[in-house]
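Asks: Okay, handing you the structure first.
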Amino acid sequence: MRDRARHAENTLVTIISRAAIYDPVVPRVLLTFEPPDGGVAEHVLQLARALPERGFEVELAGPLEADFVYGQLDPAIKVHRIAFQRGYGDPKADLKSAVQLSRVVKRGRYDLVHAHSAKAGVVARSVLAGRKPPVIYSPHCFPFIGDFGNGRRIFATTVERMLAPTTARILCVCDDERQEGLRVGIKHRRMRVIHNGSKALPPATEPLAELEAFRGEDGVLVGSVAVLREQKRVDVLIDAAPSILASDPRARVAIIGNGPLQAELRARATSLGLLGEDRFAFFPFQPPAFGALAALDVYVLPSSWEAFPIGVLEAMATGIPQVATDVGGTREAVVDGYGRASHRTEPDAPQGTEIEGETGLLVPPADHRALAAAVNELVPDARRRQAMADASRERHAERFTLSKMADGIADAYREVLSGK
């Protein structure tokens, strides 16, 4: 009898102590993400900052090394470090990360888990399949999209189909991503489109001094700001650089970024004679991106595949015309001067004529000649670049702010929590 009384007393104390630190009125959300670089890390960071203002308590479960994210968080946000690894070549490591995430979720009393990118999405949904809390998944580009062999594509497609029924919502960053999901058999009712957003240009942003010096007083600076990995295809801009430099003596080309292909890209530039050219240079990336973007006159994103690139949105917010490959949902952001040619008031207007509302030019992927031609339209045309810059800032403020994105995601959370 005494043992039962003591057990009841201990249980009551536990309930009271938990109630003291857990407010059921404030939903608790765990954001989990895999080893970061580029836009996904930025997205998670901004979401972690924005959700508390919208009535959610946030914790993060991320990779062991993610200082870019962890170092900019509010210290009050708790971080759980998980041994996530890229790819699927080490099943033991994946099992370890799954066990770690399971423990975090079990102890955390979360109302919702939001997994970002494919690996975190696979681990979180596998751990929580059929159990609470519900999982929301943001692919940030489905893993079956890209320049991969058939084996990986079939595997990734099969995994996404199998895990989709365990997912409360799949938040697609653009309609193109949603269409790709439908194409492989994911039910439309599970997917919702919430476009990525990005910060506005911070007041008094100063262009990076090194880039300003490189451009010089009369230069027109063309550049990419991207992680140097296969997806971003910075080699296409390098291949286009000789034509760009030859087209106008004011043209300068900058490759701004860090990543695994840096040595390979430098070798490619060397083979083209570019590293001996004082109007071409590599620069390391220094976050935030706005310092680099503010120094550019034309932003280039030559990716082979994308979902909805945040880099384009940041360029728009900065007021930089975009030359980008027409992949993924990029067309949903960039108002394409080529694509809107039919809207010209003069149907026979020559190529290069300014088009109202255009923010940039879209070109086919892996085509350095088309990329060079688009850039060469803009370098000598300061008036057109200025019109694109104005249209870009206006479009970003209207459609692609962080606030608009965060509001949409918060609404999706509330729908799931309400059982809709």
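So you can find residues: chains in the structure tokens are A, B, ... in the order shown, residues in each start at 1, and ligands are numbered from 1 in order.
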Skipping near chain neighbours, those fewer than 6 positions away, what residues fall within 9 Å of stretch 200-209 of chain A using only C-alpha atoms, listed as a PyMOL selection string?
Replies: chain A and resi 286+290-296+314+317-319+393+396-397+401-402
Asks: Restricted to N, CA and C atoms, what would the selected residues look like written as a PDB file, in the first residue's frame?
Replies:
```pdb
ATOM      1  N   GLN A 286      31.847  34.845 -48.207  1.00  0.00           N
ATOM      2  CA  GLN A 286      31.816  35.363 -46.842  1.00  0.00           C
ATOM      3  C   GLN A 286      30.368  35.710 -46.497  1.00  0.00           C
ATOM      4  N   PHE A 290      24.657  39.096 -49.001  1.00  0.00           N
ATOM      5  CA  PHE A 290      24.322  40.426 -49.515  1.00  0.00           C
ATOM      6  C   PHE A 290      25.549  41.282 -49.804  1.00  0.00           C
ATOM      7  N   GLY A 291      26.632  41.103 -49.065  1.00  0.00           N
ATOM      8  CA  GLY A 291      27.834  41.879 -49.333  1.00  0.00           C
ATOM      9  C   GLY A 291      28.379  41.613 -50.723  1.00  0.00           C
ATOM     10  N   ALA A 292      28.379  40.325 -51.112  1.00  0.00           N
ATOM     11  CA  ALA A 292      28.832  39.969 -52.456  1.00  0.00           C
ATOM     12  C   ALA A 292      27.829  40.413 -53.511  1.00  0.00           C
ATOM     13  N   LEU A 293      26.552  40.169 -53.256  1.00  0.00           N
ATOM     14  CA  LEU A 293      25.529  40.519 -54.242  1.00  0.00           C
ATOM     15  C   LEU A 293      25.500  42.015 -54.518  1.00  0.00           C
ATOM     16  N   ALA A 294      25.703  42.810 -53.473  1.00  0.00           N
ATOM     17  CA  ALA A 294      25.638  44.265 -53.644  1.00  0.00           C
ATOM     18  C   ALA A 294      26.740  44.792 -54.550  1.00  0.00           C
ATOM     19  N   ALA A 295      27.782  43.993 -54.756  1.00  0.00           N
ATOM     20  CA  ALA A 295      28.878  44.419 -55.638  1.00  0.00           C
ATOM     21  C   ALA A 295      28.635  44.035 -57.087  1.00  0.00           C
ATOM     22  N   LEU A 296      27.643  43.162 -57.350  1.00  0.00           N
ATOM     23  CA  LEU A 296      27.422  42.655 -58.705  1.00  0.00           C
ATOM     24  C   LEU A 296      26.529  43.573 -59.518  1.00  0.00           C
ATOM     25  N   GLU A 314      17.579  36.295 -53.233  1.00  0.00           N
ATOM     26  CA  GLU A 314      18.471  37.271 -52.612  1.00  0.00           C
ATOM     27  C   GLU A 314      18.978  38.276 -53.643  1.00  0.00           C
ATOM     28  N   ALA A 317      16.135  40.657 -54.161  1.00  0.00           N
ATOM     29  CA  ALA A 317      16.021  41.580 -53.031  1.00  0.00           C
ATOM     30  C   ALA A 317      17.088  42.660 -53.081  1.00  0.00           C
ATOM     31  N   THR A 318      18.265  42.307 -53.591  1.00  0.00           N
ATOM     32  CA  THR A 318      19.367  43.262 -53.684  1.00  0.00           C
ATOM     33  C   THR A 318      19.186  44.200 -54.866  1.00  0.00           C
ATOM     34  N   GLY A 319      18.365  43.801 -55.829  1.00  0.00           N
ATOM     35  CA  GLY A 319      18.188  44.602 -57.026  1.00  0.00           C
ATOM     36  C   GLY A 319      19.256  44.330 -58.060  1.00  0.00           C
ATOM     37  N   ARG A 393      13.379  44.260 -57.130  1.00  0.00           N
ATOM     38  CA  ARG A 393      13.077  44.655 -55.748  1.00  0.00           C
ATOM     39  C   ARG A 393      11.576  44.679 -55.498  1.00  0.00           C
ATOM     40  N   HIS A 396      10.247  41.012 -55.337  1.00  0.00           N
ATOM     41  CA  HIS A 396      10.632  40.367 -54.090  1.00  0.00           C
ATOM     42  C   HIS A 396       9.756  40.858 -52.940  1.00  0.00           C
ATOM     43  N   ALA A 397       9.575  42.165 -52.838  1.00  0.00           N
ATOM     44  CA  ALA A 397       8.783  42.727 -51.733  1.00  0.00           C
ATOM     45  C   ALA A 397       7.336  42.261 -51.789  1.00  0.00           C
ATOM     46  N   THR A 401       9.039  37.553 -49.552  1.00  0.00           N
ATOM     47  CA  THR A 401       9.623  37.975 -48.286  1.00  0.00           C
ATOM     48  C   THR A 401       9.666  36.814 -47.300  1.00  0.00           C
ATOM     49  N   LEU A 402      10.535  36.935 -46.324  1.00  0.00           N
ATOM     50  CA  LEU A 402      10.574  35.934 -45.251  1.00  0.00           C
ATOM     51  C   LEU A 402       9.253  35.881 -44.509  1.00  0.00           C
TER      52      LEU A 402
END
```
Asks: As a VMD selection string, which residues of stretch 47-264 of chain A does DSSP assign to helix (DSSP H, G or I)?
Replies: chain A and resid 47 to 54 67 to 70 91 to 108 118 to 128 150 to 166 175 to 183 188 to 190 209 to 215 230 to 232 234 to 247 262 to 264
Asks: Among stretch 88-337 of chain A, which residues carry a DSSP assignment of strand (DSSP E), reported as number ranges by chain?
Replies: A: 112-116, 135-138, 169-172, 191-193, 220-225, 251-256, 280-283, 298-301, 322-325
Asks: Just to be explicit: take each residue in the selection above, keep N, CA and C atoms, and write the result as a short mmCIF file (atom, residue, chain, number, x, y, z; two decimals), in the first residue's frame.
Replies:
```
data_model
loop_
_atom_site.label_atom_id
_atom_site.label_comp_id
_atom_site.auth_asym_id
_atom_site.auth_seq_id
_atom_site.Cartn_x
_atom_site.Cartn_y
_atom_site.Cartn_z
N LEU A 112 5.09 18.68 -33.19
CA LEU A 112 5.29 18.58 -34.63
C LEU A 112 6.78 18.47 -34.92
N VAL A 113 7.14 17.67 -35.92
CA VAL A 113 8.51 17.61 -36.41
C VAL A 113 8.50 18.05 -37.87
N HIS A 114 9.40 18.97 -38.20
CA HIS A 114 9.51 19.47 -39.58
C HIS A 114 10.90 19.12 -40.10
N ALA A 115 10.95 18.18 -41.05
CA ALA A 115 12.21 17.69 -41.59
C ALA A 115 12.53 18.39 -42.91
N HIS A 116 13.78 18.82 -43.03
CA HIS A 116 14.21 19.57 -44.21
C HIS A 116 15.27 18.80 -44.99
N VAL A 135 4.78 14.43 -38.81
CA VAL A 135 5.97 14.94 -39.50
C VAL A 135 5.55 15.73 -40.74
N ILE A 136 6.08 16.93 -40.84
CA ILE A 136 6.00 17.72 -42.07
C ILE A 136 7.36 17.64 -42.75
N TYR A 137 7.35 17.55 -44.06
CA TYR A 137 8.59 17.33 -44.81
C TYR A 137 8.72 18.38 -45.90
N SER A 138 9.86 19.06 -45.93
CA SER A 138 10.20 19.98 -47.02
C SER A 138 11.37 19.39 -47.80
N ARG A 169 2.20 16.58 -44.10
CA ARG A 169 2.22 17.51 -45.23
C ARG A 169 3.60 17.46 -45.87
N ILE A 170 3.63 17.60 -47.17
CA ILE A 170 4.87 17.83 -47.89
C ILE A 170 4.81 19.26 -48.40
N LEU A 171 5.69 20.09 -47.87
CA LEU A 171 5.70 21.50 -48.23
C LEU A 171 6.66 21.70 -49.40
N CYS A 172 6.10 21.97 -50.55
CA CYS A 172 6.90 22.18 -51.77
C CYS A 172 7.25 23.65 -51.89
N MET A 191 0.46 17.50 -50.51
CA MET A 191 1.44 18.52 -50.88
C MET A 191 0.81 19.91 -50.90
N ARG A 192 1.61 20.86 -50.46
CA ARG A 192 1.18 22.25 -50.46
C ARG A 192 2.36 23.10 -50.89
N VAL A 193 2.10 24.10 -51.74
CA VAL A 193 3.16 24.97 -52.24
C VAL A 193 3.27 26.20 -51.35
N VAL A 220 31.80 46.45 -65.18
CA VAL A 220 30.47 45.85 -65.02
C VAL A 220 30.72 44.42 -64.53
N LEU A 221 30.34 44.17 -63.28
CA LEU A 221 30.73 42.91 -62.63
C LEU A 221 29.64 41.86 -62.76
N VAL A 222 30.01 40.75 -63.40
CA VAL A 222 29.15 39.58 -63.58
C VAL A 222 29.67 38.50 -62.64
N GLY A 223 28.77 37.86 -61.87
CA GLY A 223 29.28 36.87 -60.94
C GLY A 223 28.25 35.87 -60.47
N SER A 224 28.75 34.73 -60.04
CA SER A 224 27.92 33.73 -59.37
C SER A 224 28.27 33.74 -57.89
N VAL A 225 27.29 33.49 -57.05
CA VAL A 225 27.49 33.32 -55.61
C VAL A 225 26.85 31.99 -55.28
N ALA A 251 33.63 44.44 -68.93
CA ALA A 251 33.13 43.23 -68.25
C ALA A 251 34.18 42.63 -67.32
N ARG A 252 33.72 42.21 -66.16
CA ARG A 252 34.52 41.47 -65.19
C ARG A 252 33.70 40.24 -64.79
N VAL A 253 34.36 39.11 -64.54
CA VAL A 253 33.66 37.89 -64.12
C VAL A 253 34.26 37.41 -62.82
N ALA A 254 33.40 37.20 -61.80
CA ALA A 254 33.83 36.73 -60.48
C ALA A 254 33.12 35.44 -60.13
N ILE A 255 33.87 34.46 -59.66
CA ILE A 255 33.31 33.22 -59.13
C ILE A 255 33.44 33.31 -57.62
N ILE A 256 32.30 33.40 -56.92
CA ILE A 256 32.30 33.64 -55.48
C ILE A 256 31.72 32.41 -54.80
N PHE A 280 39.12 38.37 -64.55
CA PHE A 280 38.48 37.15 -64.06
C PHE A 280 39.15 36.76 -62.75
N ALA A 281 38.33 36.35 -61.76
CA ALA A 281 38.93 35.96 -60.48
C ALA A 281 37.98 35.11 -59.67
N PHE A 282 38.56 34.29 -58.78
CA PHE A 282 37.82 33.55 -57.75
C PHE A 282 37.87 34.32 -56.44
N PHE A 283 36.77 34.26 -55.69
CA PHE A 283 36.72 34.88 -54.37
C PHE A 283 36.04 33.91 -53.40
N VAL A 298 25.40 41.92 -62.58
CA VAL A 298 24.60 40.82 -63.14
C VAL A 298 24.89 39.58 -62.30
N TYR A 299 23.83 38.95 -61.81
CA TYR A 299 23.95 37.72 -61.02
C TYR A 299 23.70 36.53 -61.94
N VAL A 300 24.55 35.51 -61.84
CA VAL A 300 24.43 34.32 -62.71
C VAL A 300 24.25 33.07 -61.85
N LEU A 301 23.24 32.27 -62.18
CA LEU A 301 23.04 30.97 -61.54
C LEU A 301 22.89 29.92 -62.64
N GLN A 322 19.06 38.98 -62.99
CA GLN A 322 19.43 37.57 -62.89
C GLN A 322 19.54 36.95 -64.28
N VAL A 323 20.63 36.23 -64.51
CA VAL A 323 20.73 35.33 -65.66
C VAL A 323 20.83 33.93 -65.07
N ALA A 324 19.82 33.12 -65.30
CA ALA A 324 19.74 31.82 -64.64
C ALA A 324 19.26 30.76 -65.61
N THR A 325 19.58 29.51 -65.31
CA THR A 325 19.09 28.41 -66.14
C THR A 325 17.62 28.14 -65.81
#
```
Asks: Neighbours of stretch 152-164 of chain A within 10 Å (only C-alpha atoms; same-chain residues fewer than 4 positions away dropped), as a list in words?
Replies: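 Skipping anything fewer than 4 positions along the chain leaves Tyr88, Ala118, Gly121, Val122, Arg125, Ser126, Ala129, Tyr137, Pro139, Phe142, Pro143, Phe144, Ile145, Gly146, Asp147, Phe148, Ala168, Arg169, Ile170, Gly181, Val184, Gly185, Ile186, Lys187, Arg190 and Met191 of chain A.
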Asks: If we count only C-alpha atoms, what is near stretch 259-275 of chain A at a cut-off of 9 Å, once residues fewer than 5 positions away on the same chain are taken out, given as a list in words?
Replies: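 The residues that qualify are Ala226, Val227, Leu228, Arg229, Glu230, Val234, Asp235, Ile238, Asp239, Ala241, Pro242, Phe280, Ala281 and Phe282 of chain A.
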Asks: Keeping only N, CA and C atoms, write those residues as a short mmCIF file (atom, residue, chain, number, x, y, z; two decimals), in the first residue's frame.
Replies:
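The result, stored in selection15.cif:
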```cif
data_model
loop_
_atom_site.label_atom_id
_atom_site.label_comp_id
_atom_site.auth_asym_id
_atom_site.auth_seq_id
_atom_site.Cartn_x
_atom_site.Cartn_y
_atom_site.Cartn_z
N ALA A 226 27.67 30.95 -55.17
CA ALA A 226 27.12 29.60 -55.06
C ALA A 226 28.12 28.66 -54.42
N VAL A 227 27.59 27.59 -53.83
CA VAL A 227 28.45 26.51 -53.35
C VAL A 227 29.06 25.83 -54.57
N LEU A 228 30.35 25.58 -54.54
CA LEU A 228 31.05 25.01 -55.69
C LEU A 228 30.90 23.49 -55.68
N ARG A 229 29.71 23.05 -56.13
CA ARG A 229 29.43 21.62 -56.24
C ARG A 229 28.76 21.37 -57.58
N GLU A 230 28.58 20.10 -57.92
CA GLU A 230 28.15 19.72 -59.26
C GLU A 230 26.83 20.36 -59.66
N VAL A 234 28.92 25.78 -62.01
CA VAL A 234 29.69 27.01 -62.17
C VAL A 234 30.66 26.89 -63.35
N ASP A 235 31.00 25.65 -63.72
CA ASP A 235 31.87 25.46 -64.89
C ASP A 235 31.26 26.04 -66.15
N ILE A 238 32.23 29.58 -66.22
CA ILE A 238 33.66 29.67 -66.57
C ILE A 238 33.86 29.49 -68.08
N ASP A 239 33.13 28.53 -68.66
CA ASP A 239 33.24 28.32 -70.11
C ASP A 239 32.71 29.53 -70.89
N ALA A 241 32.92 32.62 -69.82
CA ALA A 241 33.69 33.82 -69.46
C ALA A 241 34.52 34.39 -70.61
N PRO A 242 35.22 33.58 -71.41
CA PRO A 242 35.99 34.19 -72.51
C PRO A 242 35.13 35.04 -73.44
N PHE A 280 39.12 38.37 -64.55
CA PHE A 280 38.48 37.15 -64.06
C PHE A 280 39.15 36.76 -62.75
N ALA A 281 38.33 36.35 -61.76
CA ALA A 281 38.93 35.96 -60.48
C ALA A 281 37.98 35.11 -59.67
N PHE A 282 38.56 34.29 -58.78
CA PHE A 282 37.82 33.55 -57.75
C PHE A 282 37.87 34.32 -56.44
#
```
Asks: Can you measure atom CA of A:Gly329 to atom CA of A:Pro309 for me? One decimal in Å is fine.
Replies: 8.0 Å
